[in-house]
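Everything on this sheet refers to the single structure shown next.
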Amino acid sequence: MGTDAYLTIKSSSEGLYKEKGSRFVSYAFPVTTQEDIKTHLETIRKQHHAARHHCYAWMLGSTRENFRANDDGEPSGSAGKPILGQINSFNLTNVLVVVVRYFGGKLLGVPGLINAYRTAAESAIRNAEIIRCVELEHFDIEFPYSSLNDVMKIIKDEDVDHENRKFEMVCSMAVNVRPSESERIKSLFSRIAGLKLLRAGEGRK
């Protein structure tokens with residue numbers, strides 16, 4: 001798929017699993033920051049304030065190296081880890097999966113809990129639409145009008161995504177490229193006379 005491409009879910013979804021009177025209500029959310037994760041967790045805890053456990057796992061970033069699993073009071077490794085296992089099974093990232101447990105009065109044992117949390121997490125993910133995304137790096141360029149043809153040749157030859165074009169005496173545009181291509185594209189632009197590479201949003205106000 002490439003290091004810049006990843007799978008995530010398009011929108012939030014829900015699932016449900018029942019075992020020996022216990023209900024495991026599951027939710028999957030698309031997220032991009034830990035602040036998103038915190039907001040969703042707070043909402044779920046308020047919505048299900050009577051539930052005994054709010055277990056979860058999340059993963060962020062196209063490299064899938066930033067993740068966490070939380071058992072929220074269940075035996076160690078019986079809840080968060082199987083939820084994270086389902087995120088890995090579907091090769092997802094930028095996703096939060098929460099499973100809320102309402103205790104039914106009968107103990108399930110660690111193997112039973114692992115199966116319940118895994119199945120509930122899978123249910124929410126299967127009810128979501130999985131989509132492929134490409135991570136992009138953003139930067140702005142400014143250049144004299146006399147260099148417009150040189151800039152547009154690179155844009156066309158390299159099929160560079162761009163927006164917010166302003167063609168005046170001093171021209172500017174926002175450029176979006178895959179991180180793996182960023183340095184090469186920047187090098188091509190830097191050869192153009194008078195062109196300035198800027199971080200996104202640093203152009204003229």
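Note on naming: chains are A, B, ... as they come in the structure tokens, residues start from 1 per chain, ligands start from 1 in the order shown.
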Shell of 9 Å around region 174-186 of chain A, only C-alpha atoms, local chain residues under 6 positions omitted, as a list in words: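 My list of contacting residues is Thr3, Asp4, Ala5, Val134, Glu135, Leu136, Glu137, His138, Phe139, Asp140, Ile141, Ile154, Glu158, Val160, Asp161, His162, Glu163, Asn164, Arg165, Leu197, Ala200 and Gly201 of chain A.
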Residues of region 159-197 of chain A in alpha helix (DSSP H), written as a VMD selection string: chain A and resid 179 to 190
Please identify the strand (DSSP E) residues within region 129-165 of chain A (assignment by DSSP from backbone atoms) and present them as a list in words.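 Filtering region 129-165 of chain A to strand (DSSP E) leaves Ile130, Ile131, Arg132, Cys133, Val134, Glu137, His138, Phe139, Asp140, Ile141, Glu142, Phe143, Pro144, Asp161, His162, Glu163, Asn164 and Arg165 of chain A.
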Which residues are close to Gly85 (chain A), i.e. within 12 Å by only C-alpha atoms, leaving aside same-chain residues fewer than 5 positions away? Reply as a ChimeraX atom specification. /A:56-59,67-69,77-80,90-92,97,114-115,117-122,125
Please, what distance in Å, to one decimal, runs between CA of Gly104 (chain A) and CA of Asp72 (chain A)?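 Answer for the CA of Gly104 (chain A) to CA of Asp72 (chain A) separation: 17.3 Å.
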Taking only C-alpha atoms into account, produce a table as CSV in which each residue of region 95-137 of chain A with an atom at most 6 Å from an atom of region 6-17 of chain A appears once, together with its shortest atom pair and the distance in Å to one decimal, ordered by chain and rising number.
```
residue,atom,partner,partner_atom,distance
A:Ala120,CA,A:Tyr17,CA,5.2
A:Ser123,CA,A:Gly15,CA,4.7
A:Ala124,CA,A:Gly15,CA,4.1
A:Asn127,CA,A:Ser13,CA,6.0
A:Ala128,CA,A:Ser13,CA,5.3
A:Glu129,CA,A:Ile9,CA,5.5
A:Ile130,CA,A:Ile9,CA,4.4
A:Ile131,CA,A:Thr8,CA,5.6
A:Arg132,CA,A:Leu7,CA,4.6
A:Cys133,CA,A:Tyr6,CA,5.4
```
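CA of Ser187 (chain A) lies 15.4 Å from CA of Asp159 (chain A).
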Restricting to only C-alpha atoms, whichever of A:Pro111, A:Arg23, A:Lys38, A:Lys196 is closest to Pro144 (chain A) is A:Lys196
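The spacing separating CA of Cys171 (chain A) from CA of Ser147 (chain A) amounts to 9.0 Å.
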Contacts of Glu74 (chain A) at 12 Å or less, counting only C-alpha atoms, minus same-chain residues fewer than 6 places along, as a ChimeraX atom specification? /A:52-56,80-81,99-101,103,107-110,112-114,117
